[in-house]
$ cat data26.pdb   # PDB, C-alpha atoms and all ligand atoms
MODEL        1
ATOM      1  CA  MET A 611     -15.156  -4.178 -12.369  1.00  0.00           C
ATOM      2  CA  ASN A 612     -17.164  -4.877  -9.236  1.00  0.00           C
ATOM      3  CA  PHE A 613     -15.282  -5.225  -5.984  1.00  0.00           C
ATOM      4  CA  ASN A 614     -15.111  -9.009  -6.063  1.00  0.00           C
ATOM      5  CA  GLU A 615     -13.602  -8.822  -9.558  1.00  0.00           C
ATOM      6  CA  ILE A 616     -11.032  -6.335  -8.294  1.00  0.00           C
ATOM      7  CA  ALA A 617     -10.205  -8.598  -5.325  1.00  0.00           C
ATOM      8  CA  GLN A 618      -9.837 -11.586  -7.642  1.00  0.00           C
ATOM      9  CA  ALA A 619      -7.636  -9.695 -10.085  1.00  0.00           C
ATOM     10  CA  ARG A 620      -5.383  -7.908  -7.581  1.00  0.00           C
ATOM     11  CA  GLN A 621      -2.165  -9.685  -6.795  1.00  0.00           C
ATOM     12  CA  SER A 622       1.216  -8.486  -5.650  1.00  0.00           C
ATOM     13  CA  CYS A 623       3.079  -7.407  -8.768  1.00  0.00           C
ATOM     14  CA  ARG A 624       6.833  -7.907  -8.610  1.00  0.00           C
ATOM     15  CA  LYS A 625       7.538  -7.638 -12.328  1.00  0.00           C
ATOM     16  CA  TYR A 626       7.071  -4.213 -13.837  1.00  0.00           C
ATOM     17  CA  ASP A 627       7.280  -2.995 -17.386  1.00  0.00           C
ATOM     18  CA  THR A 628      10.019  -0.381 -17.111  1.00  0.00           C
ATOM     19  CA  GLN A 629       9.038   1.135 -20.459  1.00  0.00           C
ATOM     20  CA  ARG A 630       5.542   2.171 -19.414  1.00  0.00           C
ATOM     21  CA  ILE A 631       4.761   5.294 -17.449  1.00  0.00           C
ATOM     22  CA  ILE A 632       1.593   5.581 -15.385  1.00  0.00           C
ATOM     23  CA  GLU A 633      -0.736   8.182 -16.861  1.00  0.00           C
ATOM     24  CA  LYS A 634      -1.446  11.156 -14.594  1.00  0.00           C
ATOM     25  CA  GLU A 635      -5.211  10.439 -14.538  1.00  0.00           C
ATOM     26  CA  LYS A 636      -4.590   6.910 -13.294  1.00  0.00           C
ATOM     27  CA  LEU A 637      -2.247   7.968 -10.529  1.00  0.00           C
ATOM     28  CA  ASP A 638      -4.670  10.743  -9.567  1.00  0.00           C
ATOM     29  CA  ALA A 639      -7.513   8.182  -9.438  1.00  0.00           C
ATOM     30  CA  VAL A 640      -5.480   5.978  -7.089  1.00  0.00           C
ATOM     31  CA  LEU A 641      -4.682   8.921  -4.818  1.00  0.00           C
ATOM     32  CA  GLU A 642      -8.276  10.158  -4.849  1.00  0.00           C
ATOM     33  CA  THR A 643      -9.497   6.719  -3.752  1.00  0.00           C
ATOM     34  CA  ALA A 644      -6.824   6.710  -1.040  1.00  0.00           C
ATOM     35  CA  ARG A 645      -8.244  10.012   0.161  1.00  0.00           C
ATOM     36  CA  LEU A 646     -11.625   8.377   0.684  1.00  0.00           C
ATOM     37  CA  ALA A 647     -10.346   5.589   2.944  1.00  0.00           C
ATOM     38  CA  PRO A 648     -12.028   5.384   6.345  1.00  0.00           C
ATOM     39  CA  SER A 649      -9.998   5.805   9.539  1.00  0.00           C
ATOM     40  CA  ALA A 650     -10.729   5.665  13.259  1.00  0.00           C
ATOM     41  CA  CYS A 651     -12.490   8.893  14.271  1.00  0.00           C
ATOM     42  CA  ASN A 652     -11.697  10.081  10.751  1.00  0.00           C
ATOM     43  CA  SER A 653      -8.258  11.137  11.969  1.00  0.00           C
ATOM     44  CA  GLN A 654      -6.446  10.112   8.747  1.00  0.00           C
ATOM     45  CA  PRO A 655      -3.133   9.735  10.604  1.00  0.00           C
ATOM     46  CA  TYR A 656      -0.909   9.262   7.580  1.00  0.00           C
ATOM     47  CA  HIS A 657       0.805  11.088   4.768  1.00  0.00           C
ATOM     48  CA  LEU A 658       1.488   9.878   1.245  1.00  0.00           C
ATOM     49  CA  THR A 659       4.703  10.799  -0.539  1.00  0.00           C
ATOM     50  CA  VAL A 660       4.528   9.881  -4.198  1.00  0.00           C
ATOM     51  CA  CYS A 661       8.000   9.083  -5.538  1.00  0.00           C
ATOM     52  CA  ARG A 662       8.750   8.842  -9.234  1.00  0.00           C
ATOM     53  CA  GLY A 663      11.793   8.556 -11.435  1.00  0.00           C
ATOM     54  CA  GLU A 664      15.148   9.177  -9.803  1.00  0.00           C
ATOM     55  CA  THR A 665      13.698   9.155  -6.273  1.00  0.00           C
ATOM     56  CA  VAL A 666      12.435   5.588  -6.769  1.00  0.00           C
ATOM     57  CA  LYS A 667      15.856   4.623  -8.109  1.00  0.00           C
ATOM     58  CA  ARG A 668      17.614   6.260  -5.160  1.00  0.00           C
ATOM     59  CA  ILE A 669      15.425   4.374  -2.707  1.00  0.00           C
ATOM     60  CA  ALA A 670      15.949   1.102  -4.576  1.00  0.00           C
ATOM     61  CA  ARG A 671      19.717   1.654  -4.791  1.00  0.00           C
ATOM     62  CA  ALA A 672      20.264   2.690  -1.165  1.00  0.00           C
ATOM     63  CA  LYS A 673      21.904  -0.146   0.728  1.00  0.00           C
ATOM     64  CA  ASN A 674      19.234  -2.324   2.247  1.00  0.00           C
ATOM     65  CA  ALA A 675      16.586   0.420   2.090  1.00  0.00           C
ATOM     66  CA  CYS A 676      14.182  -2.093   0.591  1.00  0.00           C
ATOM     67  CA  CYS A 677      15.468  -5.365   2.012  1.00  0.00           C
ATOM     68  CA  GLU A 678      17.940  -6.484  -0.617  1.00  0.00           C
ATOM     69  CA  GLY A 679      17.204  -9.794  -2.274  1.00  0.00           C
ATOM     70  CA  ILE A 680      13.503  -9.600  -1.408  1.00  0.00           C
ATOM     71  CA  ASN A 681      12.262  -6.268  -2.668  1.00  0.00           C
ATOM     72  CA  ASP A 682      14.648  -5.650  -5.572  1.00  0.00           C
ATOM     73  CA  PHE A 683      11.613  -5.230  -7.849  1.00  0.00           C
ATOM     74  CA  VAL A 684      11.032  -1.783  -6.292  1.00  0.00           C
ATOM     75  CA  ALA A 685      13.673  -0.468  -8.722  1.00  0.00           C
ATOM     76  CA  ASP A 686      11.411  -1.258 -11.694  1.00  0.00           C
ATOM     77  CA  ALA A 687       8.241   0.367 -10.352  1.00  0.00           C
ATOM     78  CA  ASP A 688       7.199   3.572 -12.061  1.00  0.00           C
ATOM     79  CA  ALA A 689       5.867   5.021  -8.812  1.00  0.00           C
ATOM     80  CA  LEU A 690       6.402   4.334  -5.153  1.00  0.00           C
ATOM     81  CA  ILE A 691       3.926   5.568  -2.583  1.00  0.00           C
ATOM     82  CA  VAL A 692       5.611   6.077   0.777  1.00  0.00           C
ATOM     83  CA  ILE A 693       3.105   6.036   3.621  1.00  0.00           C
ATOM     84  CA  SER A 694       4.342   7.778   6.756  1.00  0.00           C
ATOM     85  CA  GLU A 695       2.728   8.418  10.095  1.00  0.00           C
ATOM     86  CA  GLN A 696       0.923  11.561  11.099  1.00  0.00           C
ATOM     87  CA  PRO A 697      -0.339  12.259  14.613  1.00  0.00           C
ATOM     88  CA  VAL A 698      -3.728  10.846  15.593  1.00  0.00           C
ATOM     89  CA  VAL A 699      -5.796  13.967  16.199  1.00  0.00           C
ATOM     90  CA  VAL A 700      -9.225  13.263  17.667  1.00  0.00           C
ATOM     91  CA  ALA A 701     -11.856  15.148  19.622  1.00  0.00           C
ATOM     92  CA  PRO A 702     -10.885  15.510  23.317  1.00  0.00           C
ATOM     93  CA  VAL A 703     -13.834  13.336  24.325  1.00  0.00           C
ATOM     94  CA  MET A 704     -12.347  10.428  22.355  1.00  0.00           C
ATOM     95  CA  VAL A 705      -8.754  10.715  23.586  1.00  0.00           C
ATOM     96  CA  GLU A 706      -9.331   8.705  26.769  1.00  0.00           C
ATOM     97  CA  ARG A 707     -11.527   6.143  25.049  1.00  0.00           C
ATOM     98  CA  MET A 708      -8.896   5.459  22.421  1.00  0.00           C
ATOM     99  CA  GLU A 709      -6.061   5.101  24.912  1.00  0.00           C
ATOM    100  CA  GLY A 710      -4.076   1.923  24.439  1.00  0.00           C
ATOM    101  CA  GLN A 711      -5.582   1.300  21.017  1.00  0.00           C
ATOM    102  CA  ASN A 712      -3.394   1.319  17.954  1.00  0.00           C
ATOM    103  CA  PHE A 713      -5.895   2.352  15.348  1.00  0.00           C
ATOM    104  CA  ARG A 714      -3.249   4.044  13.217  1.00  0.00           C
ATOM    105  CA  ASP A 715      -1.828   0.718  12.068  1.00  0.00           C
ATOM    106  CA  ILE A 716      -5.311  -0.443  11.140  1.00  0.00           C
ATOM    107  CA  ASP A 717      -5.984   2.829   9.316  1.00  0.00           C
ATOM    108  CA  ILE A 718      -2.790   2.461   7.299  1.00  0.00           C
ATOM    109  CA  GLY A 719      -3.736  -1.107   6.400  1.00  0.00           C
ATOM    110  CA  ILE A 720      -7.124   0.034   5.138  1.00  0.00           C
ATOM    111  CA  LEU A 721      -5.462   2.850   3.198  1.00  0.00           C
ATOM    112  CA  ALA A 722      -3.146   0.334   1.529  1.00  0.00           C
ATOM    113  CA  ALA A 723      -6.109  -1.856   0.622  1.00  0.00           C
ATOM    114  CA  TYR A 724      -7.874   1.105  -1.003  1.00  0.00           C
ATOM    115  CA  ILE A 725      -4.754   2.069  -2.945  1.00  0.00           C
ATOM    116  CA  THR A 726      -4.071  -1.420  -4.274  1.00  0.00           C
ATOM    117  CA  ALA A 727      -7.736  -2.027  -5.123  1.00  0.00           C
ATOM    118  CA  GLU A 728      -7.944   1.204  -7.129  1.00  0.00           C
ATOM    119  CA  ALA A 729      -4.634   0.429  -8.817  1.00  0.00           C
ATOM    120  CA  THR A 730      -6.141  -2.855 -10.021  1.00  0.00           C
ATOM    121  CA  ALA A 731      -9.291  -1.075 -11.185  1.00  0.00           C
ATOM    122  CA  GLN A 732      -7.033   1.260 -13.191  1.00  0.00           C
ATOM    123  CA  GLY A 733      -5.219  -1.690 -14.796  1.00  0.00           C
ATOM    124  CA  LEU A 734      -2.051  -1.125 -12.761  1.00  0.00           C
ATOM    125  CA  GLY A 735       0.083  -3.583 -10.851  1.00  0.00           C
ATOM    126  CA  SER A 736       0.912  -2.883  -7.224  1.00  0.00           C
ATOM    127  CA  CYS A 737       2.676  -4.433  -4.268  1.00  0.00           C
ATOM    128  CA  ILE A 738       2.536  -3.503  -0.613  1.00  0.00           C
ATOM    129  CA  VAL A 739       6.066  -3.474   0.792  1.00  0.00           C
ATOM    130  CA  GLY A 740       6.536  -3.744   4.539  1.00  0.00           C
ATOM    131  CA  LEU A 741      10.186  -4.782   4.664  1.00  0.00           C
ATOM    132  CA  PHE A 742      12.358  -1.688   4.364  1.00  0.00           C
ATOM    133  CA  ASP A 743      14.686   0.521   6.362  1.00  0.00           C
ATOM    134  CA  ASP A 744      12.549   3.272   7.828  1.00  0.00           C
ATOM    135  CA  LEU A 745      15.395   5.691   8.554  1.00  0.00           C
ATOM    136  CA  GLU A 746      16.908   5.328   5.100  1.00  0.00           C
ATOM    137  CA  ILE A 747      13.596   5.973   3.326  1.00  0.00           C
ATOM    138  CA  ARG A 748      12.898   8.910   5.632  1.00  0.00           C
ATOM    139  CA  ARG A 749      16.282  10.390   4.820  1.00  0.00           C
ATOM    140  CA  ILE A 750      15.799  10.081   1.064  1.00  0.00           C
ATOM    141  CA  CYS A 751      12.242  11.434   1.155  1.00  0.00           C
ATOM    142  CA  GLY A 752      12.981  14.155   3.717  1.00  0.00           C
ATOM    143  CA  LEU A 753      10.342  12.879   6.133  1.00  0.00           C
ATOM    144  CA  ASP A 754      10.451  13.385   9.881  1.00  0.00           C
ATOM    145  CA  THR A 755       7.914  10.760  10.961  1.00  0.00           C
ATOM    146  CA  PRO A 756       8.124   6.960  10.714  1.00  0.00           C
ATOM    147  CA  VAL A 757       7.502   5.355   7.354  1.00  0.00           C
ATOM    148  CA  ARG A 758       5.053   2.479   7.744  1.00  0.00           C
ATOM    149  CA  LEU A 759       4.462   1.038   4.281  1.00  0.00           C
ATOM    150  CA  LEU A 760       5.594   1.441   0.703  1.00  0.00           C
ATOM    151  CA  ILE A 761       3.408   0.620  -2.271  1.00  0.00           C
ATOM    152  CA  THR A 762       4.913   0.033  -5.687  1.00  0.00           C
ATOM    153  CA  LEU A 763       2.835   0.947  -8.723  1.00  0.00           C
ATOM    154  CA  GLY A 764       3.360   0.350 -12.405  1.00  0.00           C
ATOM    155  CA  TYR A 765       2.254  -1.607 -15.409  1.00  0.00           C
ATOM    156  CA  GLU A 766       2.794  -5.328 -15.065  1.00  0.00           C
ATOM    157  CA  ARG A 767       5.401  -6.782 -17.383  1.00  0.00           C
ATOM    158  CA  GLU A 768       3.831  -8.593 -20.310  1.00  0.00           C
ATOM    159  CA  GLY A 769       3.470 -12.300 -19.658  1.00  0.00           C
ATOM    160  CA  ASN A 770       3.246 -11.857 -15.892  1.00  0.00           C
ATOM    161  CA  THR A 771       0.838 -14.634 -14.987  1.00  0.00           C
ATOM    162  CA  HIS A 772      -2.189 -14.399 -12.802  1.00  0.00           C
ATOM    163  CA  ARG A 773      -1.534 -16.638  -9.804  1.00  0.00           C
ATOM    164  CA  GLU A 774      -4.154 -18.742  -8.155  1.00  0.00           C
ATOM    165  CA  LYS A 775      -5.045 -17.282  -4.770  1.00  0.00           C
ATOM    166  CA  ARG A 776      -3.882 -19.316  -1.806  1.00  0.00           C
ATOM    167  CA  ARG A 777      -6.220 -18.396   0.998  1.00  0.00           C
ATOM    168  CA  LYS A 778      -7.866 -20.103   3.951  1.00  0.00           C
ATOM    169  CA  ALA A 779     -11.119 -21.830   3.108  1.00  0.00           C
ATOM    170  CA  LEU A 780     -14.206 -19.862   4.058  1.00  0.00           C
ATOM    171  CA  SER A 781     -15.060 -22.564   6.608  1.00  0.00           C
ATOM    172  CA  GLU A 782     -11.717 -21.981   8.342  1.00  0.00           C
ATOM    173  CA  LEU A 783     -11.873 -18.227   8.095  1.00  0.00           C
ATOM    174  CA  THR A 784     -15.405 -17.768   9.356  1.00  0.00           C
ATOM    175  CA  ASP A 785     -18.062 -19.201  11.549  1.00  0.00           C
ATOM    176  CA  GLN A 786     -21.618 -18.202  12.012  1.00  0.00           C
ATOM    177  CA  LYS A 787     -23.537 -17.699  15.209  1.00  0.00           C
ATOM    178  CA  GLU A 788     -27.267 -18.060  15.086  1.00  0.00           C
ATOM    179  CA  CYS A 789     -29.290 -15.461  16.904  1.00  0.00           C
ATOM    180  CA  ASP A 790     -31.692 -16.845  19.537  1.00  0.00           C
TER     181      ASP A 790
HETATM  182  C1  LIG B 801       1.590  -5.358   5.390  1.00  0.00           C
HETATM  183  C2  LIG B 801       2.146  -6.105   4.186  1.00  0.00           C
HETATM  184  C3  LIG B 801       3.522  -6.108   3.973  1.00  0.00           C
HETATM  185  C4  LIG B 801       4.046  -6.752   2.839  1.00  0.00           C
HETATM  186  N1  LIG B 801       5.389  -6.676   2.610  1.00  0.00           N
HETATM  187  C5  LIG B 801       5.894  -7.239   1.472  1.00  0.00           C
HETATM  188  C6  LIG B 801       7.270  -7.074   1.142  1.00  0.00           C
HETATM  189  O1  LIG B 801       8.054  -6.439   1.839  1.00  0.00           O
HETATM  190  N2  LIG B 801       7.701  -7.633  -0.023  1.00  0.00           N
HETATM  191  C7  LIG B 801       6.872  -8.330  -0.858  1.00  0.00           C
HETATM  192  O2  LIG B 801       7.341  -8.803  -1.898  1.00  0.00           O
HETATM  193  N3  LIG B 801       5.565  -8.498  -0.570  1.00  0.00           N
HETATM  194  C8  LIG B 801       5.048  -7.960   0.562  1.00  0.00           C
HETATM  195  N4  LIG B 801       3.712  -8.071   0.839  1.00  0.00           N
HETATM  196  C9  LIG B 801       2.838  -8.794  -0.103  1.00  0.00           C
HETATM  197  C10 LIG B 801       2.359 -10.130   0.478  1.00  0.00           C
HETATM  198  O3  LIG B 801       3.432 -11.048   0.446  1.00  0.00           O
HETATM  199  C11 LIG B 801       1.165 -10.626  -0.373  1.00  0.00           C
HETATM  200  O4  LIG B 801       0.115  -9.697  -0.273  1.00  0.00           O
HETATM  201  C12 LIG B 801       0.641 -11.982   0.072  1.00  0.00           C
HETATM  202  O5  LIG B 801       1.622 -12.984  -0.079  1.00  0.00           O
HETATM  203  C13 LIG B 801      -0.586 -12.406  -0.741  1.00  0.00           C
HETATM  204  O6  LIG B 801      -0.283 -12.437  -2.120  1.00  0.00           O
HETATM  205  P1  LIG B 801      -1.027 -11.497  -3.178  1.00  0.00           P
HETATM  206  O7  LIG B 801      -0.856 -10.075  -2.731  1.00  0.00           O
HETATM  207  O8  LIG B 801      -0.344 -11.766  -4.490  1.00  0.00           O
HETATM  208  O9  LIG B 801      -2.474 -11.890  -3.204  1.00  0.00           O
HETATM  209  C14 LIG B 801       3.172  -7.444   1.955  1.00  0.00           C
HETATM  210  C15 LIG B 801       1.803  -7.416   2.182  1.00  0.00           C
HETATM  211  C16 LIG B 801       1.283  -6.755   3.274  1.00  0.00           C
HETATM  212  C17 LIG B 801      -0.223  -6.703   3.451  1.00  0.00           C
ENDMDL
END
$ encode --input "data26.pdb" --output "structure tokens" --more "lines below"
Ligand SMILES: Cc1cc2nc3c(=O)[nH]c(=O)nc-3n(C[C@H](O)[C@H](O)[C@H](O)COP(=O)(O)O)c2cc1C
Amino acid sequence: MNFNEIAQARQSCRKYDTQRIIEKEKLDAVLETARLAPSACNSQPYHLTVCRGETVKRIARAKNACCEGINDFVADADALIVISEQPVVVAPVMVERMEGQNFRDIDIGILAAYITAEATAQGLGSCIVGLFDDLEIRRICGLDTPVRLLITLGYEREGNTHREKRRKALSELTDQKECD
């Protein structure tokens, strides 16, 4: 798959096949691609906690941990990647220049894009989950820094249809400036 094919094929998966387990090689491939994500000053200010089995169930079951009624599908995912913050450590010369900039959020967004793209390339469904209770997830996962995103992973349930993408038209999204 080239990248455009991956982008076309990737969609948020909210229906997982609870009978299928993700093979180790596939999960490793997703994590290895995550490792290669770029970040501001290469600071990689995040940590990935990979939850499986009972931990996923505990997170899904905990009252409102995953925004009940919206993210109930988390319970059916075979794996849940919990992305938490790590300090932004950069060379002293960059500290002042980066002041007031929140590159960590951008870095975590890019990381999520890498993870979901590789999941698609591996034939896996995924969904980025931003609505959750940070403190509850931290408690269950034993983390002491804020949780910023969750990503569900698993095989899509058979018959899950490929939805047409609803996106802005290129003419609305972009414009072009001619160079003089
Ligand atoms: C930062 C972020 C947070 C999101 N949070 C949720 C969420 O909590 N629950 C959910 O079902 N989808 C969530 N999504 C998925 C978006 O709804 C989805 O990407 C968007 O509607 C486009 O659809 P597609 O992913 O199928 O192309 C989130 C996506 C992003 C990028």
$ closest_residue --input "data26.pdb" --among "A:Gln786, A:Ser622, A:Thr643, A:Thr726" --to "ligand LIG 801 (chain B)" --atoms "only C-alpha atoms and all ligand atoms"
A:Ser622
$ resolve_selection --input "data26.pdb" --expression "the PyMOL selection byres (((chain A and resi 723) around 12) and not hetatm)" --output "PyMOL selection string"
chain A and resi 613+616-617+620-622+640+643-644+646-648+716-722+724-730+736-738+759+761
$ atom_distance --input "data26.pdb" --atom1 "CA of Leu763 (chain A)" --atom2 "CA of Tyr656 (chain A)"
18.7 Å
$ resolve_selection --input "data26.pdb" --expression "the PyMOL selection byres (((chain A and resi 654) around 9) and not hetatm)" --output "ChimeraX atom specification"
/A:645,647-653,655-657,696-699,714,717-718
$ closest_residue --input "data26.pdb" --among "A:Glu774, A:Glu615, A:Glu664, A:Asp754" --to "ligand LIG 801 (chain B)" --atoms "all atoms listed in the file"
A:Glu774
$ resolve_selection --input "data26.pdb" --expression "the PyMOL selection byres (((chain A and resi 769) around 12) and not hetatm)" --output "list of chain:residue names"
A:Cys623, A:Lys625, A:Tyr626, A:Asp627, A:Tyr765, A:Glu766, A:Arg767, A:Glu768, A:Asn770, A:Thr771, A:His772, A:Arg773
$ atom_distance --input "data26.pdb" --atom1 "CA of Thr659 (chain A)" --atom2 "CA of Glu642 (chain A)"
13.7 Å
$ closest_residue --input "data26.pdb" --among "A:Leu641, A:Val703, A:Cys661, A:Leu760" --to "ligand LIG 801 (chain B)" --atoms "all atoms listed in the file"
A:Leu760
